[in-house]
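Engineer: run-v3.txt is reproduced below (compact mmCIF, C-alpha atoms).
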```txt
# COMPACT_ATOMS: atom_id res chain seq x y z
CA MET A 1 57.18 26.51 -22.43
CA THR A 2 58.89 28.24 -19.56
CA LYS A 3 58.30 31.63 -21.12
CA LYS A 4 54.60 30.87 -21.60
CA THR A 5 54.20 29.77 -17.99
CA LEU A 6 55.95 32.90 -16.77
CA LEU A 7 53.70 35.09 -18.87
CA GLY A 8 50.68 33.14 -17.69
CA GLY A 9 51.83 33.61 -14.11
CA GLY A 10 52.31 37.32 -14.73
CA ALA A 11 48.83 37.68 -16.22
CA ILE A 12 47.25 35.88 -13.30
CA GLY A 13 49.27 38.08 -10.95
CA ALA A 14 47.95 41.18 -12.71
CA LEU A 15 44.41 39.91 -12.51
CA ALA A 16 44.82 39.12 -8.84
CA ILE A 17 45.92 42.69 -8.20
CA LEU A 18 42.90 44.01 -10.11
CA PHE A 19 40.52 42.00 -7.94
CA ALA A 20 42.38 42.49 -4.68
CA GLY A 21 40.04 45.32 -3.81
CA VAL A 22 36.81 44.77 -1.92
CA GLY A 23 33.93 42.97 -3.62
CA VAL A 24 31.98 46.15 -4.28
CA ALA A 25 30.01 44.30 -6.95
CA ASP A 26 28.57 42.10 -4.18
CA ILE A 27 26.77 44.98 -2.50
CA ASP A 28 23.13 45.04 -3.40
CA GLU A 29 22.34 47.66 -6.04
CA GLU A 30 18.75 48.06 -4.81
CA GLU A 31 19.34 50.86 -2.38
CA SER A 32 15.84 51.93 -1.48
CA LEU A 33 14.50 50.89 1.92
CA ILE A 34 11.19 52.44 2.89
CA VAL A 35 9.68 50.92 6.00
CA ASN A 36 5.91 50.68 6.28
CA GLY A 37 5.69 52.76 3.15
CA GLU A 38 6.70 55.83 5.10
CA ILE A 39 10.08 55.74 6.85
CA GLU A 40 12.79 56.43 4.30
CA MET A 41 16.12 54.95 5.17
CA ILE A 42 19.54 56.06 4.00
CA THR A 43 21.51 52.90 3.34
CA GLU A 44 24.43 54.50 1.54
CA ALA A 45 26.28 57.68 2.40
CA ALA A 46 29.59 59.42 2.05
CA ALA A 47 32.01 58.21 4.71
CA PRO A 48 32.33 60.55 7.69
CA ASP A 49 35.44 62.74 7.75
CA HIS A 50 37.03 61.03 10.72
CA LEU A 51 37.47 57.87 8.68
CA ASP A 52 40.15 59.78 6.80
CA GLY A 53 39.73 57.95 3.53
CA SER A 54 39.85 54.41 4.89
CA LEU A 55 36.34 54.05 3.46
CA SER A 56 34.89 56.28 0.75
CA THR A 57 31.27 55.19 1.06
CA ILE A 58 29.48 53.68 4.01
CA TYR A 59 26.72 51.11 3.57
CA SER A 60 24.13 49.79 5.98
CA GLY A 61 24.26 46.06 6.67
CA TRP A 62 20.86 45.87 4.96
CA ARG A 63 22.59 46.21 1.60
CA PHE A 64 24.53 42.99 2.12
CA ARG A 65 21.58 40.72 2.73
CA SER A 66 19.48 38.67 0.30
CA ASP A 67 16.35 40.13 -1.25
CA GLU A 68 14.11 38.01 0.96
CA THR A 69 15.83 39.13 4.15
CA GLN A 70 15.67 42.73 3.02
CA ALA A 71 11.95 42.46 2.35
CA ILE A 72 11.20 41.23 5.86
CA GLN A 73 12.44 44.49 7.32
CA ALA A 74 10.21 46.68 5.16
CA ASP A 75 7.05 46.01 7.12
CA ASP A 76 6.55 46.00 10.88
CA PHE A 77 4.13 43.11 10.62
CA ASP A 78 6.66 40.94 8.83
CA ASN A 79 9.57 42.06 11.00
CA PRO A 80 9.72 39.51 13.83
CA ALA A 81 11.58 42.03 16.01
CA PHE A 82 8.30 43.79 16.64
CA ILE A 83 6.99 40.91 18.67
CA PHE A 84 9.75 41.83 21.11
CA VAL A 85 9.00 45.54 20.79
CA ASP A 86 5.39 44.74 21.76
CA GLN A 87 6.65 42.90 24.83
CA ALA A 88 8.79 45.93 25.66
CA ILE A 89 5.75 48.19 25.44
CA THR A 90 4.01 45.99 28.00
CA GLU A 91 7.08 46.23 30.26
CA PHE A 92 7.23 49.99 29.65
CA ASN A 93 3.78 50.31 31.17
CA THR A 94 4.49 47.97 34.07
CA VAL A 95 5.14 49.39 37.51
CA MET A 96 8.54 48.41 38.84
CA GLY A 97 10.68 49.51 41.75
CA SER A 98 10.02 51.03 45.16
CA GLU A 99 8.85 54.35 43.76
CA GLY A 100 5.77 52.71 42.28
CA ASN A 101 6.42 54.04 38.82
CA SER A 102 6.61 52.54 35.39
CA CYS A 103 8.69 53.94 32.54
CA ALA A 104 5.41 55.42 31.31
CA SER A 105 5.11 57.52 34.46
CA CYS A 106 7.79 59.85 33.09
CA HIS A 107 8.17 58.95 29.43
CA SER A 108 6.22 58.16 26.35
CA PRO A 109 7.97 56.04 23.71
CA GLY A 110 7.90 59.01 21.34
CA ASP A 111 10.37 60.80 23.65
CA PHE A 112 13.09 58.54 22.34
CA GLU A 113 13.06 59.72 18.75
CA MET A 114 16.58 61.13 18.91
CA THR A 115 18.00 58.68 21.43
CA ARG A 116 19.37 55.84 19.34
CA SER A 117 20.96 58.18 16.79
CA THR A 118 22.91 60.10 19.41
CA TYR A 119 23.93 57.33 21.79
CA PRO A 120 26.46 56.34 23.11
CA GLN A 121 26.76 59.77 24.58
CA TRP A 122 28.73 61.59 27.28
CA ASP A 123 26.86 61.90 30.55
CA GLU A 124 28.06 64.97 32.41
CA GLU A 125 26.70 63.88 35.79
CA ARG A 126 28.28 60.45 35.70
CA GLY A 127 31.46 61.57 33.99
CA GLU A 128 31.36 58.73 31.48
CA VAL A 129 30.10 57.73 28.08
CA GLN A 130 26.77 55.97 28.41
CA THR A 131 25.02 53.49 26.18
CA VAL A 132 21.24 53.15 26.07
CA GLU A 133 21.43 50.11 28.33
CA MET A 134 23.47 52.02 30.90
CA GLN A 135 20.95 54.83 30.80
CA ILE A 136 18.08 52.41 31.41
CA ILE A 137 19.91 50.83 34.34
CA GLU A 138 20.60 54.32 35.73
CA CYS A 139 16.92 55.22 35.53
CA GLN A 140 15.89 51.98 37.16
CA THR A 141 18.33 52.14 40.07
CA GLU A 142 18.44 55.86 40.75
CA ARG A 143 14.96 57.02 39.89
CA MET A 144 12.68 53.99 40.02
CA GLY A 145 14.16 52.41 43.12
CA MET A 146 14.69 49.01 41.59
CA GLU A 147 17.07 46.80 43.55
CA GLU A 148 17.61 44.55 40.59
CA PRO A 149 17.65 46.51 37.36
CA TYR A 150 17.61 44.72 34.03
CA ALA A 151 20.78 42.78 33.35
CA TYR A 152 22.80 44.35 30.53
CA ASP A 153 21.97 41.70 27.94
CA ALA A 154 18.81 40.15 29.36
CA GLN A 155 15.84 39.54 27.07
CA VAL A 156 13.91 42.35 28.74
CA MET A 157 16.80 44.76 28.22
CA ARG A 158 17.13 43.85 24.55
CA ASN A 159 13.40 44.26 24.09
CA MET A 160 13.53 47.72 25.64
CA SER A 161 16.56 48.59 23.54
CA ALA A 162 14.62 47.54 20.45
CA LEU A 163 11.75 49.79 21.49
CA VAL A 164 14.14 52.74 21.83
CA SER A 165 15.64 51.97 18.43
CA SER A 166 12.25 51.61 16.77
CA GLU A 167 11.27 55.10 17.86
CA GLY A 168 14.43 56.47 16.28
CA ARG A 169 14.02 54.92 12.86
CA GLY A 170 14.79 57.23 10.01
CA GLN A 171 16.88 59.58 12.15
CA VAL A 172 20.40 60.13 10.85
CA VAL A 173 23.14 58.68 13.06
CA ASN A 174 25.03 61.53 14.62
CA VAL A 175 27.12 60.60 17.63
CA ALA A 176 29.53 63.14 19.08
CA ILE A 177 33.16 62.14 18.86
CA ASP A 178 34.73 65.29 20.23
CA GLY A 179 34.60 67.09 23.54
CA PRO A 180 34.39 64.93 26.67
CA ALA A 181 33.62 61.82 24.63
CA GLN A 182 36.84 62.09 22.67
CA SER A 183 39.08 59.90 24.81
CA ALA A 184 36.54 57.08 24.84
CA TRP A 185 36.15 57.46 21.08
CA GLU A 186 39.89 57.20 20.59
CA GLU A 187 40.02 54.13 22.83
CA GLY A 188 37.29 52.59 20.71
CA ARG A 189 39.21 53.36 17.54
CA GLU A 190 42.30 51.77 19.04
CA ILE A 191 40.35 48.56 19.75
CA TYR A 192 38.82 48.57 16.25
CA TYR A 193 42.24 48.43 14.66
CA THR A 194 43.80 45.97 17.14
CA ARG A 195 44.28 42.39 16.07
CA PHE A 196 42.81 39.93 18.56
CA GLY A 197 42.97 36.25 19.18
CA GLN A 198 44.62 33.20 17.79
CA LEU A 199 43.48 34.26 14.33
CA GLU A 200 44.89 37.76 14.89
CA LEU A 201 42.04 39.58 13.26
CA SER A 202 40.98 43.14 13.92
CA CYS A 203 37.55 44.59 13.18
CA ALA A 204 39.12 46.44 10.28
CA ASN A 205 40.53 43.30 8.66
CA CYS A 206 37.02 42.05 7.90
CA HIS A 207 34.80 45.11 7.93
CA GLU A 208 37.05 47.68 6.33
CA GLN A 209 39.35 45.67 4.12
CA ASN A 210 37.03 42.86 3.14
CA TYR A 211 33.44 44.04 3.22
CA GLY A 212 31.50 42.48 0.37
CA ASN A 213 33.69 39.39 0.42
CA ASN A 214 32.82 36.11 2.09
CA ILE A 215 34.51 34.73 5.15
CA ARG A 216 33.48 31.09 4.91
CA ALA A 217 29.72 31.40 4.56
CA ASP A 218 29.33 34.91 5.96
CA HIS A 219 28.87 37.77 3.52
CA LEU A 220 30.82 40.50 5.28
CA SER A 221 29.24 43.88 5.76
CA GLN A 222 30.99 47.04 6.90
CA GLY A 223 29.95 46.21 10.44
CA MET A 224 27.70 49.22 10.86
CA ILE A 225 25.50 49.10 13.95
CA ASN A 226 22.71 51.43 12.81
CA GLY A 227 20.33 48.46 12.78
CA PHE A 228 20.86 47.27 16.34
CA PRO A 229 19.49 45.58 18.32
CA THR A 230 19.08 43.29 15.38
CA TYR A 231 16.68 40.43 14.91
CA ARG A 232 18.99 37.70 13.71
CA LEU A 233 17.29 34.95 11.72
CA LYS A 234 19.93 32.56 13.00
CA GLN A 235 19.03 33.35 16.60
CA ALA A 236 15.28 33.89 16.07
CA ASN A 237 15.80 36.62 18.63
CA LEU A 238 17.21 40.09 19.16
CA VAL A 239 20.97 40.46 19.39
CA SER A 240 22.52 43.47 21.11
CA VAL A 241 25.64 45.38 20.08
CA HIS A 242 27.83 44.10 22.89
CA ASN A 243 26.65 40.57 22.31
CA ARG A 244 27.73 40.90 18.69
CA PHE A 245 31.09 42.35 19.69
CA ARG A 246 31.60 39.36 21.96
CA GLY A 247 30.68 37.05 19.11
CA CYS A 248 33.09 38.72 16.71
CA ILE A 249 36.00 38.62 19.12
CA ARG A 250 35.19 35.04 20.04
CA ASP A 251 35.36 34.25 16.33
CA THR A 252 38.98 35.33 16.35
CA ARG A 253 39.49 32.75 19.10
CA ALA A 254 40.20 35.36 21.75
CA GLU A 255 38.99 35.77 25.30
CA THR A 256 36.45 38.53 24.86
CA PHE A 257 35.60 41.59 26.92
CA PRO A 258 32.35 41.25 28.88
CA VAL A 259 29.11 42.93 27.82
CA GLY A 260 28.80 46.33 29.42
CA SER A 261 32.56 46.67 29.86
CA PRO A 262 34.17 50.09 29.34
CA GLU A 263 36.10 48.67 26.38
CA PHE A 264 32.89 47.71 24.62
CA VAL A 265 31.24 51.02 25.49
CA ALA A 266 34.18 52.81 23.87
CA LEU A 267 34.06 50.45 20.90
CA GLU A 268 30.31 50.98 20.51
CA LEU A 269 30.83 54.74 20.44
CA TYR A 270 33.52 54.40 17.80
CA VAL A 271 31.62 51.88 15.65
CA GLN A 272 28.44 53.94 15.78
CA SER A 273 30.43 57.00 14.69
CA ARG A 274 31.52 55.11 11.58
CA ALA A 275 27.83 55.07 10.65
CA ASN A 276 27.35 58.85 11.03
CA GLY A 277 25.28 59.63 7.93
CA LEU A 278 23.25 56.41 7.74
CA THR A 279 19.80 56.21 9.30
CA ILE A 280 18.76 54.20 12.32
CA GLU A 281 17.07 51.03 11.06
CA GLY A 282 16.75 49.21 14.32
CA PRO A 283 15.44 46.77 15.07
CA ALA A 284 16.70 45.48 11.74
CA VAL A 285 16.53 41.98 10.30
CA ARG A 286 19.81 40.30 9.46
CA ASN A 287 21.12 36.78 9.08
CA MET B 1 -0.12 28.64 29.92
CA ALA B 2 2.45 30.28 27.67
CA ASP B 3 3.33 33.86 28.58
CA ASN B 4 2.75 36.86 26.44
CA VAL B 5 0.86 35.15 23.66
CA THR B 6 -0.31 37.92 21.37
CA PRO B 7 -2.07 37.39 18.07
CA ARG B 8 -1.81 39.95 15.28
CA VAL B 9 -3.59 40.03 11.97
CA ARG B 10 -3.34 42.09 8.82
CA VAL B 11 -6.30 42.25 6.46
CA PRO B 12 -6.95 44.92 3.82
CA ARG B 13 -9.58 47.41 4.93
CA ASP B 14 -11.66 47.18 1.78
CA ALA B 15 -12.03 45.16 -1.38
CA SER B 16 -14.37 44.60 -4.32
CA ALA B 17 -16.80 41.71 -4.35
CA GLY B 18 -15.18 38.54 -5.62
CA ASP B 19 -11.65 39.78 -4.88
CA SER B 20 -9.06 37.50 -3.39
CA VAL B 21 -7.53 39.29 -0.41
CA SER B 22 -4.24 38.44 1.23
CA VAL B 23 -4.64 37.71 4.93
CA ARG B 24 -1.59 37.64 7.18
CA THR B 25 -1.61 36.36 10.73
CA LEU B 26 1.04 36.05 13.38
CA ILE B 27 0.89 34.81 16.91
CA SER B 28 3.75 35.13 19.36
CA HIS B 29 4.08 31.74 20.97
CA PRO B 30 7.20 29.78 21.92
CA MET B 31 5.93 26.60 20.20
CA GLU B 32 7.95 24.37 22.49
CA SER B 33 8.35 21.18 20.46
CA GLY B 34 8.81 18.77 23.34
CA VAL B 35 12.13 17.39 22.15
CA ARG B 36 14.44 20.08 23.57
CA ARG B 37 16.23 19.54 26.86
CA ASP B 38 16.98 22.07 29.54
CA GLY B 39 20.32 22.70 31.27
CA ASP B 40 19.83 19.71 33.59
CA GLY B 41 19.06 17.33 30.77
CA ASN B 42 15.32 17.09 31.32
CA ILE B 43 12.92 17.32 28.41
CA ILE B 44 11.14 20.66 28.22
CA PRO B 45 7.48 19.69 27.87
CA ARG B 46 5.72 20.22 24.58
CA GLN B 47 3.48 23.25 24.35
CA ILE B 48 2.36 24.37 20.93
CA ILE B 49 -0.52 25.94 19.12
CA ASN B 50 -2.02 22.83 17.56
CA ARG B 51 -4.81 24.32 15.46
CA PHE B 52 -5.56 27.57 13.67
CA THR B 53 -8.84 28.41 12.02
CA CYS B 54 -10.16 31.36 10.12
CA GLU B 55 -13.80 32.05 9.43
CA PHE B 56 -15.45 34.76 7.41
CA ASN B 57 -19.00 35.62 8.39
CA GLY B 58 -19.28 32.20 9.95
CA GLU B 59 -17.99 30.30 6.94
CA ASN B 60 -14.72 28.41 7.31
CA VAL B 61 -11.87 29.78 5.21
CA ILE B 62 -8.95 27.72 6.47
CA ASP B 63 -8.42 25.10 9.16
CA VAL B 64 -4.80 24.28 9.91
CA THR B 65 -3.40 21.48 12.04
CA LEU B 66 -0.01 22.47 13.40
CA GLU B 67 2.67 19.95 14.38
CA PRO B 68 5.70 20.42 16.66
CA ALA B 69 8.00 21.05 13.71
CA ILE B 70 6.51 24.50 13.23
CA SER B 71 8.80 27.01 14.87
CA THR B 72 8.30 29.92 17.23
CA ASN B 73 5.78 32.64 16.41
CA PRO B 74 3.79 30.85 13.70
CA TYR B 75 3.03 33.08 10.73
CA PHE B 76 0.32 32.26 8.20
CA GLN B 77 -0.41 34.06 4.98
CA PHE B 78 -3.28 32.96 2.78
CA GLU B 79 -5.79 34.20 0.21
CA ALA B 80 -9.51 34.51 0.94
CA ILE B 81 -12.21 35.34 -1.57
CA VAL B 82 -14.66 37.89 -0.20
CA ASN B 83 -18.08 38.51 -1.67
CA GLU B 84 -19.65 40.66 1.05
CA THR B 85 -18.76 43.01 3.88
CA GLY B 86 -18.03 41.19 7.07
CA THR B 87 -15.66 40.05 9.76
CA PHE B 88 -12.81 37.58 9.76
CA GLN B 89 -12.64 35.54 12.93
CA PHE B 90 -9.27 33.99 13.76
CA THR B 91 -8.82 31.34 16.43
CA TRP B 92 -5.71 29.67 17.76
CA TYR B 93 -5.93 26.58 19.99
CA ASP B 94 -3.14 25.85 22.45
CA ASP B 95 -2.16 22.39 23.72
CA ASP B 96 -3.07 23.46 27.25
CA GLY B 97 -6.61 24.30 26.23
CA SER B 98 -6.17 28.08 25.93
CA VAL B 99 -7.89 29.68 23.00
CA TYR B 100 -6.70 32.95 21.48
CA GLU B 101 -8.92 34.98 19.23
CA GLU B 102 -8.67 37.98 16.99
CA THR B 103 -11.02 39.59 14.49
CA ALA B 104 -10.67 41.88 11.51
CA ASP B 105 -13.33 43.71 9.54
CA ILE B 106 -13.41 44.26 5.83
CA THR B 107 -15.70 46.44 3.74
CA VAL B 108 -16.61 44.93 0.41
CA SER B 109 -18.17 47.02 -2.32
```
Would you write the structure of this file as structure tokens?

Structural biologist:
Amino acid sequence: MTKKTLLGGGAIGALAILFAGVGVADIDEEESLIVNGEIEMITEAAAPDHLDGSLSTIYSGWRFRSDETQAIQADDFDNPAFIFVDQAITEFNTVMGSEGNSCASCHSPGDFEMTRSTYPQWDEERGEVQTVEMQIIECQTERMGMEEPYAYDAQVMRNMSALVSSEGRGQVVNVAIDGPAQSAWEEGREIYYTRFGQLELSCANCHEQNYGNNIRADHLSQGMINGFPTYRLKQANLVSVHNRFRGCIRDTRAETFPVGSPEFVALELYVQSRANGLTIEGPAVRN
Amino acid sequence: MADNVTPRVRVPRDASAGDSVSVRTLISHPMESGVRRDGDGNIIPRQIINRFTCEFNGENVIDVTLEPAISTNPYFQFEAIVNETGTFQFTWYDDDGSVYEETADITVS
């Protein structure tokens, strides 16, 4: 009897080791996402070199969602995020600030085709890494003469961020991690692998070591941000990158960094670089 | 008056006579149910789209009564049989009396 139990225990142990890897089988096999019948998305790619083997393949968060959720993103009419993009277009054409200009006075939305895929990005003049939101605030305060620019995570800011993302759909993510941006990138990487909170979880614990598995009811993705700002079905609204970072860190029961903080800017640069090779899907539809 | 209420419709551009076409409509509207409370504890007043109609060349295709349980940005998808070229007329009626309209043409051969 004892021998049998031991053997049984050994067999279960062996099985456990076999399945200790990530739930790769849980990633959706249907890999083709073509939006509006024309924009071809890359939802699976070889991991960028800087990951150094910690991941072999990178997947967009789209691959981890149910078929119904995936289908919503394939058509701009069905994608509820575009209601917000429409609102952003109205704002884009609205005069604001003492200079009497609107965004449209200098830009057309098509100018932003390469923006989302290359931000966050080093700004030589400011001597810092800038996110899209920071760039918008810079434009508003320094060029449009607005006393009260958009708040970092306000609805209007998220809408505008979604507009910028939507123009960049299909472009391959390609953020610079070297040169002047390198120290911020390294700071971001440091944060990614740091355990936070009462639960002592780092980003990597869930998104690198356990993607494809479930944490309670959440089907973990690799935490790629190529789809941001995302329309979350749970929120029935757009969610920005920093808002999501706050949510994740709060889930570890830690006091989180604020939105727009240098820590989150660095983390955003690092996390976006993990998606180098995937295409911009934003604004995407997720749970 | 709700802000930023924008209707959108999607109808195929052409069809054959007798075909059943899929019509999709969306209107951005907060659909405030009237049971939510604000930060001070006061009820946020109800304001919803309470009726949606669709007509094709003057003939009623669908007439929907909406109740507060329907959530933000009501989306309707339905089939309509078309026998002739014409125009779909969509109308949304708000609690406050506002009426939103949109049209879509279809060529039927």

Engineer: I want to know what sits within 8 Å of segment 147-154 of chain A, based on only C-alpha atoms, with residues of the same chain fewer than 5 positions away left out; could you give that as a VMD selection string?

Structural biologist: chain A and resid 97 133 to 134 137 140 to 141 240 243 259 to 260

Engineer: Leaving out Gln77 of chain B and any residue of its chain fewer than 3 positions from it, which residues lie within 9 Å of it when counting all atoms listed in the file, given as a PyMOL selection string?

Structural biologist: chain B and resi 22-26

Engineer: Go ahead and write the residues just picked, C-alpha atoms, as a compact mmCIF listing (two decimals), in the frame of the given file.

Structural biologist:
```txt
# COMPACT_ATOMS: atom_id res chain seq x y z
CA SER B 22 -4.24 38.44 1.23
CA VAL B 23 -4.64 37.71 4.93
CA ARG B 24 -1.59 37.64 7.18
CA THR B 25 -1.61 36.36 10.73
CA LEU B 26 1.04 36.05 13.38
```

Engineer: Contacts of segment 12-20 of chain B at 6 Å or less, counting all atoms listed in the file, minus same-chain residues fewer than 5 places along, as a list in words?

Structural biologist: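 Selected residues are Glu79, Ala80, Ile81, Val82, Asn83, Ile106, Thr107, Val108 and Ser109 of chain B.
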
Engineer: Work out how far apart atom CA of Ile49 of chain B and atom CA of Tyr93 of chain B are and give it in Å to one decimal.

Structural biologist: 5.5 Å

Engineer: Should the cut-off be 8 Å, what would the residue list for chain A against chain B look like, counting only C-alpha atoms, as number ranges by chain?

Structural biologist: A: 77, 83, 87

Engineer: Just how far from atom CA of Cys248 of chain A is atom CA of Leu199 of chain A, in Å to one decimal?

Structural biologist: 11.6 Å

Engineer: Atom CA of Asp49 of chain A and atom CA of Ser261 of chain A are how many Å apart?

Structural biologist: 27.5 Å

Engineer: Write out as an mmCIF file with C-alpha atoms, in the coordinates of the input each polymer residue whose atoms come within 9 Å of Leu269 of chain A, counting only C-alpha atoms; drop sequence neighbours fewer than 3 positions from it.

Structural biologist:
```cif
data_model
loop_
_atom_site.group_PDB
_atom_site.id
_atom_site.type_symbol
_atom_site.label_atom_id
_atom_site.label_comp_id
_atom_site.auth_asym_id
_atom_site.auth_seq_id
_atom_site.Cartn_x
_atom_site.Cartn_y
_atom_site.Cartn_z
ATOM 1 C CA TYR A 119 23.930 57.330 21.790
ATOM 2 C CA PRO A 120 26.460 56.340 23.110
ATOM 3 C CA GLN A 121 26.760 59.770 24.580
ATOM 4 C CA VAL A 129 30.100 57.730 28.080
ATOM 5 C CA THR A 131 25.020 53.490 26.180
ATOM 6 C CA VAL A 175 27.120 60.600 17.630
ATOM 7 C CA ALA A 176 29.530 63.140 19.080
ATOM 8 C CA ILE A 177 33.160 62.140 18.860
ATOM 9 C CA ALA A 181 33.620 61.820 24.630
ATOM 10 C CA ALA A 184 36.540 57.080 24.840
ATOM 11 C CA TRP A 185 36.150 57.460 21.080
ATOM 12 C CA GLY A 188 37.290 52.590 20.710
ATOM 13 C CA ARG A 189 39.210 53.360 17.540
ATOM 14 C CA PHE A 264 32.890 47.710 24.620
ATOM 15 C CA VAL A 265 31.240 51.020 25.490
ATOM 16 C CA ALA A 266 34.180 52.810 23.870
ATOM 17 C CA GLN A 272 28.440 53.940 15.780
ATOM 18 C CA SER A 273 30.430 57.000 14.690
ATOM 19 C CA ARG A 274 31.520 55.110 11.580
#
```

Engineer: Would you mind telling me which residue in B:Ala104, B:Val11, B:Ile62, B:Ile70 lies nearest to Phe88 of chain B when using only C-alpha atoms?

Structural biologist: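 Once distances to Phe88 of chain B are computed over only C-alpha atoms, the minimum belongs to B:Ala104.
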
Engineer: Could you name the residues that touch segment 50-59 of chain B at 8 Å or less, counting only C-alpha atoms, but leaving out those on the same chain fewer than 2 positions away, as a PDB file with C-alpha atoms, keeping the file's coordinate frame?

Structural biologist:
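What ended up in around_19.pdb:
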```pdb
ATOM      1  CA  ILE B  48       2.360  24.370  20.930  1.00  0.00           C
ATOM      2  CA  VAL B  61     -11.870  29.780   5.210  1.00  0.00           C
ATOM      3  CA  ILE B  62      -8.950  27.720   6.470  1.00  0.00           C
ATOM      4  CA  ASP B  63      -8.420  25.100   9.160  1.00  0.00           C
ATOM      5  CA  VAL B  64      -4.800  24.280   9.910  1.00  0.00           C
ATOM      6  CA  THR B  65      -3.400  21.480  12.040  1.00  0.00           C
ATOM      7  CA  LEU B  66      -0.010  22.470  13.400  1.00  0.00           C
ATOM      8  CA  GLU B  67       2.670  19.950  14.380  1.00  0.00           C
ATOM      9  CA  GLY B  86     -18.030  41.190   7.070  1.00  0.00           C
ATOM     10  CA  THR B  87     -15.660  40.050   9.760  1.00  0.00           C
ATOM     11  CA  PHE B  88     -12.810  37.580   9.760  1.00  0.00           C
ATOM     12  CA  GLN B  89     -12.640  35.540  12.930  1.00  0.00           C
ATOM     13  CA  PHE B  90      -9.270  33.990  13.760  1.00  0.00           C
ATOM     14  CA  THR B  91      -8.820  31.340  16.430  1.00  0.00           C
ATOM     15  CA  TRP B  92      -5.710  29.670  17.760  1.00  0.00           C
ATOM     16  CA  TYR B  93      -5.930  26.580  19.990  1.00  0.00           C
ATOM     17  CA  ASP B  94      -3.140  25.850  22.450  1.00  0.00           C
ATOM     18  CA  ASP B  95      -2.160  22.390  23.720  1.00  0.00           C
TER      19      ASP B  95
END
```

Engineer: Is it possible to get the residues within 6 Å of (12.6, 44.6, 31.1) (coordinates as in the file, counting all atoms listed in the file) written as a list in words?

Structural biologist: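 Looking at atoms near the point gives Glu91, Tyr150, Val156 and Met157 of chain A.
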